[in-house]
Amino acid sequence: MAYEHKNILDTDQFSKEDLDFLVERTREMERLVEQNKAFGILEGKLLASLFFEASTRTRLSFEAAMERLGGRVISTVGFQFSSISKGETLYDTMKMVEAYADIAVIRHPVEGSSRIAAGAVKIPVINAGDGAGQHPTQALLDLYTIISEKGKLDGLTLAFIGDLKYGRTIHSLINLLRHYKVHLYLISPPELSLPESYKKGLSGFPISFEESEDIKKVWECDVAYVTRIQEERFPDHKEYERLKESFKLNKELILASKKETTVLHPLPRVNELSTDVDDLPNAAYFRQAKYGVVSRMTLLCLSLGVKF
C-alpha cells in the first residue's frame, strides 16, 4: 500500500490499512533495533524538538528515537526560552525552524496549533500534543503496545479509566481503536465523561462501548488504560480538588480480575495508580515507554520518506 502521511497531526487521518502498515513497519524497526541495525538510517537529518508545554516522556522519546537512528536534534523547551515570549507568532517561529531542520515535532498548549505549524512550512510536522486536543503518536504507540502485549486487538475488551473529558491520549487512542472489533468500558465521573463528539465519532465502526462509574468493570477487561485527572485543563480548580481522587487502581483490585488484565498508563501518574501494581507481570506501562521509542523511530523515517 501507499503510505502518504508526511505530517502526523491527528488520529482521524489514519485508515485501518494505514494502521496495519504502521504496525508491520514498527515490528520491522523493533527487529532492526534488536539487531543493532537501526543506527545511521537518518544520518545527516536534523529534528527540531519544539516543546512549548511541559513534557518529559514525549520529548525524550522523540529525541532518543532520532539519536538512535543516527540523526541529530535541536530543541527549545518552554515559552520563556523561545522568541514566542517576545511576541513572535507561531507561524514566524516555524518559518525559521524550516530553515534549520528537516522535520519538526511540536507540543503546544493551544488546541489546533500543530495544524497551524504544519501549514506554515514544507518540512514534515508531527503533533506531540496540542492542548486538550490530540496526541496521535501516543495513540499509535499505545496501539502497538496493546498488540504486542496481547497478540491482537479484535475481540478484546478494554477499560478507559479517569479523565475522559480532557485526556487527549484517550481521545486519540479511541479514534484508532474504532477501526477494530473491540468493546470499551468508559469509566469516569459523569463530569469527566468522554465528550459527545468522540462518542458520535464511533458510529458506523465495529467498536462498541458503554459508560460506567464502577471501577470493578476492570475485572471484565483484557486491558485497563488508566489516566490521571488533568489538573492543568480545569477552568475551576475547586472542581479538580473534588474529582482528583475519583478512582485508584491497586494491586488488590488487579489481582481480583477475572482476566489477565494488562495495565497501561501514558504517565505521568499522580495517585490514580498505586506503585504496588508495578511489580505485577501485567503492568505494562514502563514497557509502553520502550515501545514508544521504536514507534517514533518508525514515524520519523516514514514522515521523512526514508526507507528501512
# chains A, B, ... in the order shown; residues from 1 in each chain; ligands from 1

$ select_by_dssp --residues "segment 141-268 of chain A" --states "alpha helix (DSSP H)" --output "PyMOL selection string"
chain A and resi 141-150+168-177+196-200+237-243+251-255

$ residues_around --residues "Met66 of chain A" --least-positions-apart "2" --cutoff "12 Å" --atoms "only C-alpha atoms" --output "ChimeraX atom specification"
/A:38-49,59-64,68-74,102-105,293-301,304

$ atom_distance --atom1 "atom CA of Val218 of chain A" --atom2 "atom CA of Lys165 of chain A"
19.3 Å

$ residues_around --residues "segment 20-32 of chain A" --least-positions-apart "3" --cutoff "12 Å" --atoms "only C-alpha atoms" --output "PyMOL selection string"
chain A and resi 1-5+14-17+35-41+65+68-69+137+140-148+151-153+176+179-180+290-303+307-308

$ atom_distance --atom1 "atom CA of Tyr185 of chain A" --atom2 "atom CA of Ile207 of chain A"
11.2 Å

$ closest_residue --among "A:Asp130, A:Ala289, A:Gly305, A:Arg178" --to "Lys6 of chain A" --atoms "only C-alpha atoms"
A:Gly305

$ closest_residue --among "A:Ala132, A:Leu194, A:Leu90, A:Val182" --to "Arg168 of chain A" --atoms "only C-alpha atoms"
A:Ala132

$ residues_around --residues "Gly201 of chain A" --least-positions-apart "2" --cutoff "12 Å" --atoms "only C-alpha atoms" --output "list in words"
Thr11, Asp12, His171, Ser172, Ile174, Asn175, Leu176, Leu177, Arg178, His179, Leu194, Pro195, Glu196, Ser197, Tyr198, Lys199, Ser203, Gly204, Phe205, Pro206, Ile207, Ser208 and Phe209 of chain A

$ write_last_selection --atoms "C-alpha atoms" --output "PDB file, in the first residue's frame"
ATOM      1  CA  THR A  11      -5.649  10.285  14.514  1.00  0.00           C
ATOM      2  CA  ASP A  12      -8.527  10.989  12.125  1.00  0.00           C
ATOM      3  CA  HIS A 171      -9.312  10.849  22.667  1.00  0.00           C
ATOM      4  CA  SER A 172      -6.583   9.868  20.239  1.00  0.00           C
ATOM      5  CA  ILE A 174     -10.251   5.729  20.852  1.00  0.00           C
ATOM      6  CA  ASN A 175     -10.134   7.182  17.341  1.00  0.00           C
ATOM      7  CA  LEU A 176      -7.708   4.423  16.347  1.00  0.00           C
ATOM      8  CA  LEU A 177      -9.477   1.619  18.218  1.00  0.00           C
ATOM      9  CA  ARG A 178     -12.757   2.327  16.411  1.00  0.00           C
ATOM     10  CA  HIS A 179     -11.311   0.502  13.387  1.00  0.00           C
ATOM     11  CA  LEU A 194     -15.949  11.272  27.090  1.00  0.00           C
ATOM     12  CA  PRO A 195     -17.082  14.281  25.004  1.00  0.00           C
ATOM     13  CA  GLU A 196     -20.111  13.643  22.788  1.00  0.00           C
ATOM     14  CA  SER A 197     -18.103  14.408  19.655  1.00  0.00           C
ATOM     15  CA  TYR A 198     -15.865  11.405  20.274  1.00  0.00           C
ATOM     16  CA  LYS A 199     -18.789   9.122  21.101  1.00  0.00           C
ATOM     17  CA  SER A 203     -20.871   5.387  14.971  1.00  0.00           C
ATOM     18  CA  GLY A 204     -20.582   3.158  11.919  1.00  0.00           C
ATOM     19  CA  PHE A 205     -17.394   1.448  13.134  1.00  0.00           C
ATOM     20  CA  PRO A 206     -17.069  -2.105  14.567  1.00  0.00           C
ATOM     21  CA  ILE A 207     -16.250  -0.791  18.060  1.00  0.00           C
ATOM     22  CA  SER A 208     -18.840  -0.838  20.874  1.00  0.00           C
ATOM     23  CA  PHE A 209     -18.834   0.934  24.253  1.00  0.00           C
TER      24      PHE A 209
END

$ residues_around --residues "Glu260 of chain A" --least-positions-apart "4" --cutoff "10 Å" --atoms "only C-alpha atoms" --output "ChimeraX atom specification"
/A:150,219-223,254-256,281-282

$ write_last_selection --atoms "C-alpha atoms" --output "PDB file, in the first residue's frame"
ATOM      1  CA  LYS A 150      -1.986  -9.199  23.851  1.00  0.00           C
ATOM      2  CA  TRP A 219     -12.366  -7.272  36.191  1.00  0.00           C
ATOM      3  CA  GLU A 220     -14.047  -7.999  32.848  1.00  0.00           C
ATOM      4  CA  CYS A 221     -11.318  -6.383  30.738  1.00  0.00           C
ATOM      5  CA  ASP A 222      -8.249  -7.572  28.868  1.00  0.00           C
ATOM      6  CA  VAL A 223      -6.677  -4.110  29.120  1.00  0.00           C
ATOM      7  CA  ILE A 254      -5.977  -6.012  39.577  1.00  0.00           C
ATOM      8  CA  LEU A 255      -5.364  -9.441  41.130  1.00  0.00           C
ATOM      9  CA  ALA A 256      -9.128  -9.859  41.635  1.00  0.00           C
ATOM     10  CA  PRO A 281       3.866  -9.021  35.187  1.00  0.00           C
ATOM     11  CA  ASN A 282       0.800  -7.473  33.556  1.00  0.00           C
TER      12      ASN A 282
END

$ atom_distance --atom1 "atom CA of Gly162 of chain A" --atom2 "atom CA of Ser246 of chain A"
7.5 Å

$ residues_around --residues "Ala54 of chain A" --least-positions-apart "3" --cutoff "12 Å" --atoms "only C-alpha atoms" --output "compact mmCIF listing (two decimals) with N, CA and C atoms, in the first residue's frame"
# COMPACT_ATOMS: atom_id res chain seq x y z
N LEU A 50 10.34 20.98 19.45
CA LEU A 50 9.74 22.24 19.89
C LEU A 50 8.66 21.95 20.94
N PHE A 51 9.03 22.09 22.21
CA PHE A 51 8.11 21.76 23.28
C PHE A 51 7.78 23.02 24.08
N ARG A 57 8.45 12.50 29.00
CA ARG A 57 8.45 11.27 28.22
C ARG A 57 8.44 11.52 26.71
N THR A 58 7.48 12.33 26.25
CA THR A 58 7.33 12.51 24.80
C THR A 58 8.56 13.17 24.21
N ARG A 59 9.06 14.22 24.86
CA ARG A 59 10.24 14.92 24.33
C ARG A 59 11.45 13.99 24.29
N LEU A 60 11.73 13.34 25.41
CA LEU A 60 12.90 12.46 25.44
C LEU A 60 12.74 11.26 24.51
N THR A 76 13.96 23.46 21.70
CA THR A 76 13.59 24.55 22.59
C THR A 76 12.53 24.01 23.53
N VAL A 77 12.62 24.39 24.79
CA VAL A 77 11.70 23.87 25.80
C VAL A 77 11.11 25.04 26.58
N GLY A 78 9.79 25.23 26.47
CA GLY A 78 9.11 26.27 27.23
C GLY A 78 9.03 27.59 26.49
N PHE A 79 7.93 28.31 26.65
CA PHE A 79 7.76 29.62 26.02
C PHE A 79 8.85 30.59 26.44
N GLN A 80 9.27 30.50 27.71
CA GLN A 80 10.20 31.50 28.23
C GLN A 80 11.56 31.45 27.56
N ILE A 106 6.23 19.11 17.56
CA ILE A 106 5.80 20.26 18.35
C ILE A 106 4.75 19.87 19.38
N ARG A 107 4.94 20.35 20.61
CA ARG A 107 3.91 20.30 21.65
C ARG A 107 3.58 21.73 22.04
N HIS A 108 2.27 21.99 22.11
CA HIS A 108 1.81 23.37 22.34
C HIS A 108 0.52 23.31 23.15
N PRO A 109 0.29 24.24 24.08
CA PRO A 109 -0.92 24.19 24.91
C PRO A 109 -2.21 24.56 24.20
N ALA A 128 2.95 16.53 18.88
CA ALA A 128 3.30 15.83 20.12
C ALA A 128 2.36 16.21 21.25
N GLY A 129 1.17 16.69 20.89
CA GLY A 129 0.17 17.08 21.88
C GLY A 129 -0.18 18.54 21.75
N ASP A 130 -1.47 18.83 21.50
CA ASP A 130 -1.89 20.23 21.41
C ASP A 130 -3.08 20.45 22.33
N GLY A 131 -2.79 21.01 23.49
CA GLY A 131 -3.83 21.32 24.46
C GLY A 131 -4.62 20.09 24.85
N GLU A 232 -4.24 20.63 34.97
CA GLU A 232 -3.95 21.84 34.22
C GLU A 232 -5.04 22.23 33.23
N PRO A 268 2.59 11.02 33.08
CA PRO A 268 2.91 10.74 34.48
C PRO A 268 1.68 10.34 35.29

$ closest_residue --among "A:Ile229, A:Leu173, A:Leu273, A:Ile215" --to "Ser257 of chain A" --atoms "only C-alpha atoms"
A:Ile215

$ select_by_dssp --residues "segment 146-298 of chain A" --states "strand (DSSP E or B)" --output "list of chain:residue names"
A:Thr157, A:Leu158, A:Ala159, A:Phe160, A:Ile161, A:His183, A:Leu184, A:Tyr185, A:Leu186, A:Ile187, A:Ser208, A:Phe209, A:Glu210, A:Glu211, A:Ser212, A:Val223, A:Ala224, A:Tyr225, A:Val226, A:Leu249, A:Thr262, A:Val263, A:Leu264, A:Leu273, A:Ala283
